[in-house]
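Structure below is start-v3.cif: mmCIF, C-alpha atoms and all ligand atoms.
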```
data_model
loop_
_atom_site.label_atom_id
_atom_site.label_comp_id
_atom_site.auth_asym_id
_atom_site.auth_seq_id
_atom_site.Cartn_x
_atom_site.Cartn_y
_atom_site.Cartn_z
CA MET A 1 31.08 -109.60 35.55
CA SER A 2 27.56 -108.20 35.84
CA THR A 3 25.65 -106.94 32.83
CA LEU A 4 24.90 -103.29 32.33
CA ALA A 5 21.27 -102.26 31.82
CA THR A 6 19.86 -101.54 28.37
CA ARG A 7 21.28 -98.36 26.90
CA PRO A 8 18.87 -95.45 26.38
CA ILE A 9 17.98 -94.66 22.75
CA THR A 10 16.78 -91.13 23.42
CA HIS A 11 17.84 -88.75 26.12
CA SER A 12 17.13 -85.27 27.38
CA LEU A 13 20.53 -83.66 27.59
CA HIS A 14 21.14 -80.05 26.65
CA TYR A 15 22.26 -79.32 23.06
CA SER A 16 21.05 -82.77 21.92
CA GLN A 17 17.51 -82.42 20.61
CA GLU A 18 16.48 -82.90 16.98
CA VAL A 19 14.61 -79.63 16.53
CA LEU A 20 15.26 -78.90 12.86
CA ASN A 21 15.17 -80.90 9.68
CA ARG A 22 18.61 -79.95 8.40
CA VAL A 23 17.79 -80.91 4.76
CA SER A 24 21.54 -80.89 4.18
CA PHE A 25 21.04 -81.87 0.53
CA LEU A 26 19.26 -78.54 -0.10
CA ARG A 27 22.07 -76.32 1.18
CA LYS A 28 23.65 -76.40 -2.29
CA ASP A 29 20.36 -75.43 -3.98
CA PRO A 30 20.46 -71.63 -4.54
CA GLN A 31 16.74 -71.50 -5.32
CA PHE A 32 15.91 -73.16 -2.02
CA ILE A 33 18.19 -70.82 -0.07
CA ASP A 34 16.72 -67.77 -1.88
CA GLU A 35 13.16 -68.85 -1.11
CA ALA A 36 14.06 -69.71 2.48
CA LEU A 37 15.75 -66.34 3.01
CA SER A 38 12.86 -64.34 1.60
CA HIS A 39 9.86 -66.13 3.10
CA SER A 40 7.77 -64.01 5.46
CA GLU A 41 7.81 -66.62 8.23
CA THR A 42 11.57 -67.26 8.15
CA GLN A 43 13.28 -66.78 11.50
CA PHE A 44 16.73 -65.33 12.02
CA ILE A 45 18.45 -66.02 15.32
CA PRO A 46 20.92 -63.24 16.06
CA PHE A 47 24.28 -64.00 17.68
CA GLU A 48 26.86 -61.59 18.98
CA ASN A 49 30.25 -63.17 19.62
CA TYR A 50 28.59 -66.61 19.40
CA LEU A 51 26.05 -65.80 22.12
CA PRO A 52 22.30 -65.40 21.44
CA PHE A 53 19.63 -63.19 23.00
CA VAL A 54 16.51 -64.15 24.93
CA ASN A 55 13.14 -62.49 25.44
CA GLU A 56 13.02 -61.23 29.01
CA ARG A 57 9.32 -62.13 29.30
CA ASP A 58 9.63 -65.88 28.73
CA GLY A 59 13.37 -66.62 28.52
CA LEU A 60 12.95 -68.04 25.02
CA LEU A 61 15.49 -67.51 22.27
CA LEU A 62 15.08 -64.25 20.36
CA ARG A 63 13.90 -64.99 16.83
CA LEU A 64 13.68 -62.12 14.36
CA ARG A 65 11.95 -61.63 11.02
CA LYS A 66 13.72 -60.50 7.88
CA VAL A 67 12.36 -56.97 8.19
CA GLU A 68 14.08 -56.69 11.55
CA VAL A 69 17.50 -57.80 10.33
CA SER A 70 17.47 -56.43 6.78
CA SER A 71 20.49 -54.19 7.44
CA PHE A 72 22.59 -57.34 7.96
CA LEU A 73 21.26 -59.13 4.88
CA ASP A 74 21.64 -56.34 2.33
CA GLY A 75 24.98 -55.48 0.77
CA GLU A 76 27.96 -57.27 -0.72
CA THR A 77 29.10 -59.11 2.40
CA SER A 78 25.66 -60.29 3.51
CA SER A 79 26.29 -63.89 2.40
CA GLN A 80 29.11 -64.03 4.96
CA ASN A 81 26.79 -63.27 7.90
CA PHE A 82 24.36 -66.15 8.04
CA VAL A 83 24.16 -69.91 8.29
CA PHE A 84 21.19 -72.01 7.23
CA LEU A 85 20.32 -74.31 10.13
CA GLY A 86 17.22 -76.13 8.88
CA LEU A 87 13.42 -76.27 8.73
CA LEU A 88 11.67 -76.26 12.08
CA PHE A 89 9.88 -79.55 12.75
CA SER A 90 7.31 -78.22 15.20
CA GLY A 91 4.41 -75.87 14.59
CA GLN A 92 2.49 -74.89 11.52
CA SER A 93 4.42 -73.49 8.61
CA ASN A 94 3.37 -72.18 5.24
CA PHE A 95 6.85 -72.61 3.81
CA VAL A 96 6.94 -75.59 1.46
CA TYR A 97 9.67 -76.37 -1.07
CA ARG A 98 9.10 -78.68 -4.04
CA SER A 99 5.75 -79.61 -2.48
CA ARG A 100 7.47 -81.86 0.07
CA TYR A 101 9.89 -80.04 2.39
CA ARG A 102 7.89 -78.09 4.95
CA GLY A 103 8.85 -76.14 8.07
CA THR A 104 9.87 -72.67 9.16
CA PRO A 105 13.29 -71.86 7.65
CA THR A 106 15.75 -71.02 10.41
CA PHE A 107 19.01 -69.14 10.04
CA ALA A 108 21.72 -68.12 12.50
CA LEU A 109 22.74 -64.52 11.91
CA ASP A 110 26.07 -63.09 13.07
CA ILE A 111 25.42 -59.51 14.19
CA SER A 112 28.77 -59.08 15.99
CA ASN A 113 29.63 -56.35 13.51
CA GLY A 114 26.99 -53.78 14.44
CA GLY A 115 25.08 -55.39 17.27
CA LEU A 116 21.41 -55.49 18.15
CA SER A 117 21.14 -51.70 17.82
CA GLN A 118 21.28 -52.15 14.04
CA CYS A 119 18.22 -54.40 14.08
CA ASN A 120 14.78 -52.83 13.65
CA LEU A 121 13.21 -54.69 16.54
CA LEU A 122 9.42 -54.89 16.39
CA GLU A 123 7.51 -54.36 19.64
CA THR A 124 6.76 -58.09 19.77
CA SER A 125 10.49 -58.81 20.05
CA LYS A 126 11.09 -56.54 23.05
CA PRO A 127 12.43 -56.51 25.73
CA VAL A 128 15.50 -58.64 25.12
CA ARG A 129 18.60 -59.64 27.06
CA LYS A 130 21.88 -61.08 25.82
CA VAL A 131 22.92 -64.51 27.03
CA GLU A 132 26.13 -63.71 28.88
CA ASN A 133 27.62 -66.91 30.20
CA PHE A 134 27.46 -70.64 30.78
CA LYS A 135 24.78 -70.33 33.47
CA ASP A 136 22.52 -68.41 31.07
CA LEU A 137 23.04 -71.12 28.45
CA ASN A 138 22.05 -73.71 31.05
CA ARG A 139 18.73 -71.95 31.54
CA LEU A 140 17.71 -72.28 27.88
CA THR A 141 15.05 -74.85 27.01
CA LEU A 142 16.34 -78.12 25.55
CA GLU A 143 15.05 -77.09 22.12
CA ASP A 144 16.61 -73.63 22.22
CA SER A 145 19.91 -74.98 23.56
CA SER A 146 20.08 -77.40 20.64
CA ILE A 147 19.57 -74.64 18.07
CA VAL A 148 22.19 -72.52 19.84
CA SER A 149 24.64 -75.42 19.83
CA GLN A 150 24.33 -75.98 16.09
CA ALA A 151 24.61 -72.25 15.37
CA ARG A 152 27.60 -71.71 17.66
CA MET A 153 29.53 -74.57 16.11
CA TYR A 154 29.06 -73.16 12.62
CA LEU A 155 29.68 -69.52 13.54
CA GLN A 156 32.86 -70.27 15.50
CA TRP A 157 34.15 -72.54 12.77
CA LEU A 158 33.52 -69.90 10.08
CA ASP A 159 35.22 -67.26 12.20
CA THR A 160 38.34 -69.31 12.85
CA HIS A 161 38.85 -70.55 9.28
CA LYS A 162 39.13 -67.33 7.32
CA PHE A 163 42.20 -68.58 5.49
CA CYS A 164 42.79 -71.82 3.61
CA SER A 165 44.79 -74.35 5.62
CA ILE A 166 46.55 -75.57 2.43
CA CYS A 167 47.61 -72.39 0.59
CA GLY A 168 46.82 -69.55 3.00
CA SER A 169 44.45 -67.72 0.61
CA LYS A 170 41.23 -66.19 1.91
CA THR A 171 38.18 -68.44 2.19
CA THR A 172 34.58 -67.52 1.37
CA HIS A 173 31.34 -68.93 2.72
CA VAL A 174 29.36 -71.18 0.37
CA TYR A 175 26.15 -73.22 0.67
CA ALA A 176 24.57 -70.78 3.10
CA GLY A 177 27.55 -70.79 5.44
CA THR A 178 27.80 -74.56 5.80
CA GLN A 179 31.03 -74.91 3.82
CA LEU A 180 34.05 -72.77 2.99
CA LYS A 181 35.77 -72.40 -0.36
CA CYS A 182 39.34 -71.35 -0.98
CA SER A 183 39.51 -68.22 -3.18
CA ASN A 184 42.59 -69.59 -4.97
CA GLY A 185 41.31 -71.54 -7.99
CA ASP A 186 44.59 -73.45 -8.25
CA CYS A 187 44.48 -74.65 -4.64
CA ALA A 188 44.41 -78.43 -4.07
CA SER A 189 41.32 -77.95 -1.89
CA ASN A 190 39.40 -76.96 -5.04
CA LYS A 191 40.39 -80.12 -6.93
CA GLY A 192 39.08 -83.65 -6.45
CA VAL A 193 37.59 -84.83 -3.20
CA SER A 194 38.62 -82.64 -0.30
CA ASN A 195 37.22 -82.06 3.15
CA VAL A 196 39.63 -79.38 4.32
CA CYS A 197 36.91 -76.73 4.19
CA PHE A 198 34.11 -78.66 5.86
CA PRO A 199 32.95 -77.89 9.40
CA ARG A 200 34.76 -79.99 11.96
CA THR A 201 33.52 -81.86 14.99
CA ASP A 202 36.10 -83.12 17.49
CA PRO A 203 35.23 -86.41 19.24
CA VAL A 204 35.80 -86.45 22.99
CA VAL A 205 35.27 -89.56 25.09
CA ILE A 206 33.93 -89.16 28.59
CA SER A 207 33.64 -92.21 30.78
CA ALA A 208 32.28 -93.07 34.19
CA ILE A 209 34.23 -95.89 35.81
CA THR A 210 32.47 -98.61 37.78
CA ASN A 211 33.75 -101.74 39.50
CA ARG A 212 32.97 -105.29 38.41
CA ASP A 213 29.69 -105.64 40.34
CA ASN A 214 28.62 -102.05 39.57
CA SER A 215 28.37 -101.21 43.28
CA LYS A 216 30.76 -98.23 43.14
CA VAL A 217 31.79 -95.37 40.88
CA LEU A 218 35.29 -93.94 40.71
CA LEU A 219 34.88 -90.18 41.14
CA CYS A 220 37.70 -88.09 39.71
CA ARG A 221 38.69 -84.59 40.83
CA SER A 222 40.52 -82.61 38.18
CA GLY A 223 43.57 -80.61 39.15
CA ALA A 224 42.79 -77.90 36.58
CA PRO A 225 43.02 -74.35 37.99
CA ARG A 226 39.29 -73.73 37.38
CA ASN A 227 38.48 -76.68 39.66
CA LYS A 228 40.57 -75.51 42.63
CA ASP A 229 37.66 -73.68 44.26
CA ARG A 230 34.63 -75.62 43.11
CA LYS A 231 36.18 -79.06 43.75
CA LEU A 232 33.95 -80.83 41.26
CA TYR A 233 34.13 -84.63 41.02
CA SER A 234 33.39 -86.04 37.59
CA CYS A 235 34.39 -88.60 34.98
CA VAL A 236 37.54 -89.19 32.96
CA SER A 237 37.54 -87.48 29.57
CA GLY A 238 39.82 -86.63 26.68
CA PHE A 239 40.08 -86.11 22.94
CA VAL A 240 40.15 -89.17 20.71
CA ASP A 241 43.58 -89.55 19.09
CA PRO A 242 43.95 -90.05 15.32
CA SER A 243 43.20 -93.63 14.29
CA GLU A 244 41.95 -94.75 17.68
CA THR A 245 38.68 -96.56 18.38
CA LEU A 246 36.39 -94.98 20.96
CA GLU A 247 36.82 -97.98 23.24
CA VAL A 248 40.63 -97.80 23.08
CA ALA A 249 40.52 -94.03 23.63
CA VAL A 250 38.51 -94.57 26.83
CA ALA A 251 40.88 -97.27 28.14
CA ARG A 252 43.92 -95.11 27.29
CA GLU A 253 42.50 -92.00 28.99
CA ILE A 254 41.60 -94.02 32.09
CA TRP A 255 45.11 -95.49 32.34
CA GLU A 256 46.81 -92.14 31.68
CA GLU A 257 44.71 -90.30 34.27
CA THR A 258 44.13 -92.94 36.98
CA GLY A 259 46.64 -95.72 36.32
CA LEU A 260 43.80 -98.28 36.22
CA HIS A 261 43.48 -100.98 33.58
CA THR A 262 40.00 -101.36 32.09
CA ASP A 263 38.15 -104.67 31.62
CA LYS A 264 35.40 -103.46 29.33
CA VAL A 265 34.00 -100.29 27.73
CA GLU A 266 30.43 -99.68 26.60
CA ILE A 267 29.38 -96.68 24.52
CA LEU A 268 26.18 -95.28 25.99
CA VAL A 269 25.20 -91.84 24.77
CA SER A 270 26.50 -88.79 22.90
CA GLN A 271 26.07 -85.06 23.38
CA PRO A 272 27.09 -82.15 21.15
CA TRP A 273 29.23 -79.72 23.16
CA PRO A 274 29.60 -76.34 21.43
CA PHE A 275 32.68 -75.11 23.34
CA PRO A 276 33.82 -74.87 20.64
CA ASN A 277 32.96 -77.90 18.50
CA ASN A 278 33.08 -81.18 20.39
CA LEU A 279 30.95 -84.29 20.36
CA MET A 280 31.01 -85.86 23.82
CA ILE A 281 30.78 -89.64 23.60
CA GLY A 282 29.59 -90.96 26.93
CA CYS A 283 30.84 -94.40 27.97
CA ILE A 284 30.82 -96.74 30.94
CA ALA A 285 34.09 -98.49 31.79
CA ILE A 286 34.46 -101.44 34.13
CA ALA A 287 37.66 -101.79 36.15
CA ASP A 288 38.84 -104.05 38.97
CA ASP A 289 38.59 -101.92 42.12
CA THR A 290 41.43 -103.77 43.86
CA GLN A 291 43.92 -102.00 41.58
CA VAL A 292 45.93 -99.19 43.15
CA PRO A 293 45.32 -95.88 41.33
CA ASP A 294 48.34 -93.99 40.04
CA LEU A 295 47.75 -90.32 39.21
CA THR A 296 51.35 -89.59 38.25
CA HIS A 297 51.27 -90.37 34.51
CA ASP A 298 49.68 -87.22 33.08
CA CYS A 299 49.02 -85.58 36.47
CA GLU A 300 45.59 -84.28 35.31
CA LEU A 301 43.75 -85.47 38.43
CA ASP A 302 44.30 -84.40 42.02
CA GLU A 303 42.22 -87.18 43.55
CA VAL A 304 40.19 -90.29 42.71
CA ARG A 305 37.79 -91.94 45.11
CA TRP A 306 35.59 -95.06 44.86
CA VAL A 307 32.12 -94.03 46.09
CA PRO A 308 29.29 -96.53 46.76
CA CYS A 309 26.28 -96.15 44.46
CA SER A 310 24.02 -95.85 47.53
CA VAL A 311 25.85 -92.62 48.50
CA LEU A 312 25.94 -91.33 44.94
CA GLU A 313 22.21 -91.89 44.43
CA LYS A 314 21.27 -89.42 47.16
CA ILE A 315 23.55 -86.72 45.78
CA LEU A 316 22.47 -87.10 42.15
CA LYS A 317 18.82 -86.58 43.10
CA GLN A 318 19.52 -83.08 44.41
CA ASP A 319 18.85 -79.97 42.36
CA ASP A 320 21.85 -77.97 41.33
CA SER A 321 22.43 -74.65 42.98
CA ASP A 322 23.17 -71.34 41.29
CA SER A 323 26.75 -72.52 41.00
CA GLY A 324 25.68 -74.72 38.07
CA PHE A 325 26.56 -78.04 39.75
CA ILE A 326 25.34 -80.10 42.70
CA GLN A 327 26.96 -79.20 46.01
CA ASP A 328 26.58 -81.83 48.73
CA GLU A 329 27.60 -80.34 52.06
CA LEU A 330 27.32 -83.66 53.91
CA THR A 331 29.93 -85.53 51.89
CA GLY A 332 31.78 -82.61 50.29
CA LEU A 333 31.21 -84.27 46.93
CA ASN A 334 30.24 -81.74 44.26
CA LEU A 335 28.85 -83.39 41.14
CA PRO A 336 27.87 -82.31 37.60
CA ASN A 337 24.22 -81.28 37.22
CA ASN A 338 21.57 -83.25 35.39
CA ARG A 339 22.11 -81.41 32.10
CA SER A 340 25.54 -82.96 31.66
CA VAL A 341 26.54 -86.27 30.15
CA ALA A 342 28.72 -87.00 33.23
CA HIS A 343 25.63 -86.87 35.45
CA MET A 344 23.75 -89.17 33.10
CA LEU A 345 26.60 -91.72 33.10
CA MET A 346 26.82 -91.80 36.91
CA ASP A 347 23.04 -92.05 37.19
CA PHE A 348 23.08 -94.95 34.72
CA ILE A 349 25.54 -96.89 36.89
CA VAL A 350 23.49 -96.17 40.04
CA LYS A 351 20.33 -97.49 38.33
CA THR A 352 22.22 -100.53 37.04
CA SER A 353 23.50 -101.19 40.56
CA LYS A 354 19.96 -101.09 41.96
CA LYS A 355 18.72 -103.41 39.19
CA ASN A 356 21.52 -105.87 39.91
CA THR A 357 20.69 -105.78 43.64
CA VAL A 358 17.01 -106.52 42.97
CA GLU A 359 17.87 -109.43 40.66
CA LYS A 360 20.26 -111.09 43.14
ZN ZN A 401 43.71 -72.85 -0.70
#
```
Spit out the file's structure as C-alpha cells when you get a sec.
Ligand SMILES: [Zn+2]
Amino acid sequence: MSTLATRPITHSLHYSQEVLNRVSFLRKDPQFIDEALSHSETQFIPFENYLPFVNERDGLLLRLRKVEVSSFLDGETSSQNFVFLGLLFSGQSNFVYRSRYRGTPTFALDISNGGLSQCNLLETSKPVRKVENFKDLNRLTLEDSSIVSQARMYLQWLDTHKFCSICGSKTTHVYAGTQLKCSNGDCASNKGVSNVCFPRTDPVVISAITNRDNSKVLLCRSGAPRNKDRKLYSCVSGFVDPSETLEVAVAREIWEETGLHTDKVEILVSQPWPFPNNLMIGCIAIADDTQVPDLTHDCELDEVRWVPCSVLEKILKQDDSDSGFIQDELTGLNLPNNRSVAHMLMDFIVKTSKKNTVEK
C-alpha cells in the first residue's frame, strides 16, 4: 500500500478561517460584555433569517455601529437579539480589556424582527444588498464567510431551542447568546453539570475513496432529488453515529453507500458547515478497486465510477461556473468547486498520485 502525502495543517476553505479571538472565558463576564457592547468601535453584523448583508460597492460584509442598530439593542428583549462572536484579530483597535485582550468587539445581531429599515444606516454603510442564497455566500471572502458561519450556527441554534429539552419550559439567552438557560429553577438542566443548553455541532464525515496505489478516485453520484439535474459527482458522506470513531464512521458509510470494504482511513481536514450546524471531517479512504460495488444497501447513490487521477486533475483545475460547481462537458463529470472539502480531498489524492509516480 502506498503512503499518502503529508496532511496540510492549514487550509483555505470557506467558513474555516480563524478571524476572531473568541475569548470564550470572557463571555460570562458581564463587565466585559457591557464594555464590548458600548465601545465606539464595536461592530454589529446584522442578520435577517440567518442571512447577512453586503456592501454593494465592495461585496464585503455589512458591519454596523451601535448608533445604527440602537433600536435593536434598547428595550427588555434586547439581550435576546445578539451573540458575542469575539475580538477581531486584524487591524488596529482601541478596545482593550484588562490591559491584555485587544481587538474590535464583534457581535452578530438578529434583525429578523424589524429588518434593515429599522436600522439608522449612516451614509458610509450604503448601499447594501442582502445575501440571498448559497451562491451569494460562496462569493464572500474567506474571512467574511467564517464570521457568517459562526454567527449562523449560533443564531439558528438559539432560534430552534426556545424551549428546554428536559422540562419544556421557556429558555433564555445567557452569556451574550452563547448559552441557553431553562427558566424553570427546578429543572435538572439547572443542577450539576449539564450540557443540554450548550450550542451543538454535529460531526459529519466526508471521504474521498482511492485505490491501493492512489491512481484512481471513486466518484459517487447521489440519487437525491436535488442532484437529478446537476448530476454532481462527489464523495461519500454521513453523520457520525453515537459512540462511533471517525474512522469507523467513514468505513461504515462507505460500505452502506457503495458496498466496498475499506483498508484504511486517514483524517485529513475539517470544515465548519453552517447548514445548519455541522462540522465536516474530511478523510481519505483506501479500498481495493477489484471489489464489485453494491449500491443496494441504503440506495443513496445512483452511480459510482473509478476515475483515473490523470482525468480528474484536468477537471479540478477548471474554474467553477455560475452553477456553483465545475461542469466538464468533455467527460460529463461535474465536480464540487474549490471552496468545498470534497474538492480538496480529491485534489489531495491527485497530488499524492503524482508524487507516487515521480518517486517510482
Ligand atoms: Zn428545563
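Here the question is which of A:Gly238, A:Gly185, A:Gly324, A:Pro30 gets nearest to ligand ZN 401 (chain A) using only C-alpha atoms and all ligand atoms, and that residue is A:Gly185.
Comparing the minimum interatomic distances between Pro203 (chain A) and each of A:Gln31, A:Ser310, A:Gln179, A:Asn277, counting all atoms listed in the file, we find that A:Asn277 sits nearest.
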### Residues within 8 Å of (23.2, -79.3, 18.4), file coords, all atoms listed in the file, listed as a ChimeraX atom specification
/A:15-18,145-151,272-274
Could you build a table of the residues in chain A lying no more than 6 Å from ligand ZN 401 (chain A), giving for each the nearest pair of atoms and their separation in Å rounded to one decimal place, using all atoms listed in the file, ordered by chain and ascending residue number, as JSON lines?
```
{"residue": "A:Cys164", "atom": "CA", "partner": "A:ZN401", "partner_atom": "ZN", "distance": 4.5}
{"residue": "A:Ile166", "atom": "CA", "partner": "A:ZN401", "partner_atom": "ZN", "distance": 5.0}
{"residue": "A:Cys167", "atom": "CA", "partner": "A:ZN401", "partner_atom": "ZN", "distance": 4.1}
{"residue": "A:Gly168", "atom": "CA", "partner": "A:ZN401", "partner_atom": "ZN", "distance": 5.9}
{"residue": "A:Ser169", "atom": "CA", "partner": "A:ZN401", "partner_atom": "ZN", "distance": 5.3}
{"residue": "A:Cys182", "atom": "CA", "partner": "A:ZN401", "partner_atom": "ZN", "distance": 4.6}
{"residue": "A:Asn184", "atom": "CA", "partner": "A:ZN401", "partner_atom": "ZN", "distance": 5.5}
{"residue": "A:Cys187", "atom": "CA", "partner": "A:ZN401", "partner_atom": "ZN", "distance": 4.4}
{"residue": "A:Ser189", "atom": "CA", "partner": "A:ZN401", "partner_atom": "ZN", "distance": 5.8}
```
Store the residues picked out above in a file with C-alpha atoms, as a PDB file, in the coordinates of the input.
```pdb
ATOM      1  CA  CYS A 164      42.790 -71.820   3.610  1.00  0.00           C
ATOM      2  CA  ILE A 166      46.550 -75.570   2.430  1.00  0.00           C
ATOM      3  CA  CYS A 167      47.610 -72.390   0.590  1.00  0.00           C
ATOM      4  CA  GLY A 168      46.820 -69.550   3.000  1.00  0.00           C
ATOM      5  CA  SER A 169      44.450 -67.720   0.610  1.00  0.00           C
ATOM      6  CA  CYS A 182      39.340 -71.350  -0.980  1.00  0.00           C
ATOM      7  CA  ASN A 184      42.590 -69.590  -4.970  1.00  0.00           C
ATOM      8  CA  CYS A 187      44.480 -74.650  -4.640  1.00  0.00           C
ATOM      9  CA  SER A 189      41.320 -77.950  -1.890  1.00  0.00           C
TER      10      SER A 189
END
```
#### Entry: Selection near region 247-251 of chain A, 10 Å with only C-alpha atoms, sequence-local residues under 3 positions removed, as a ChimeraX atom specification
/A:204-208,236-244,254-256,260-267,281-287
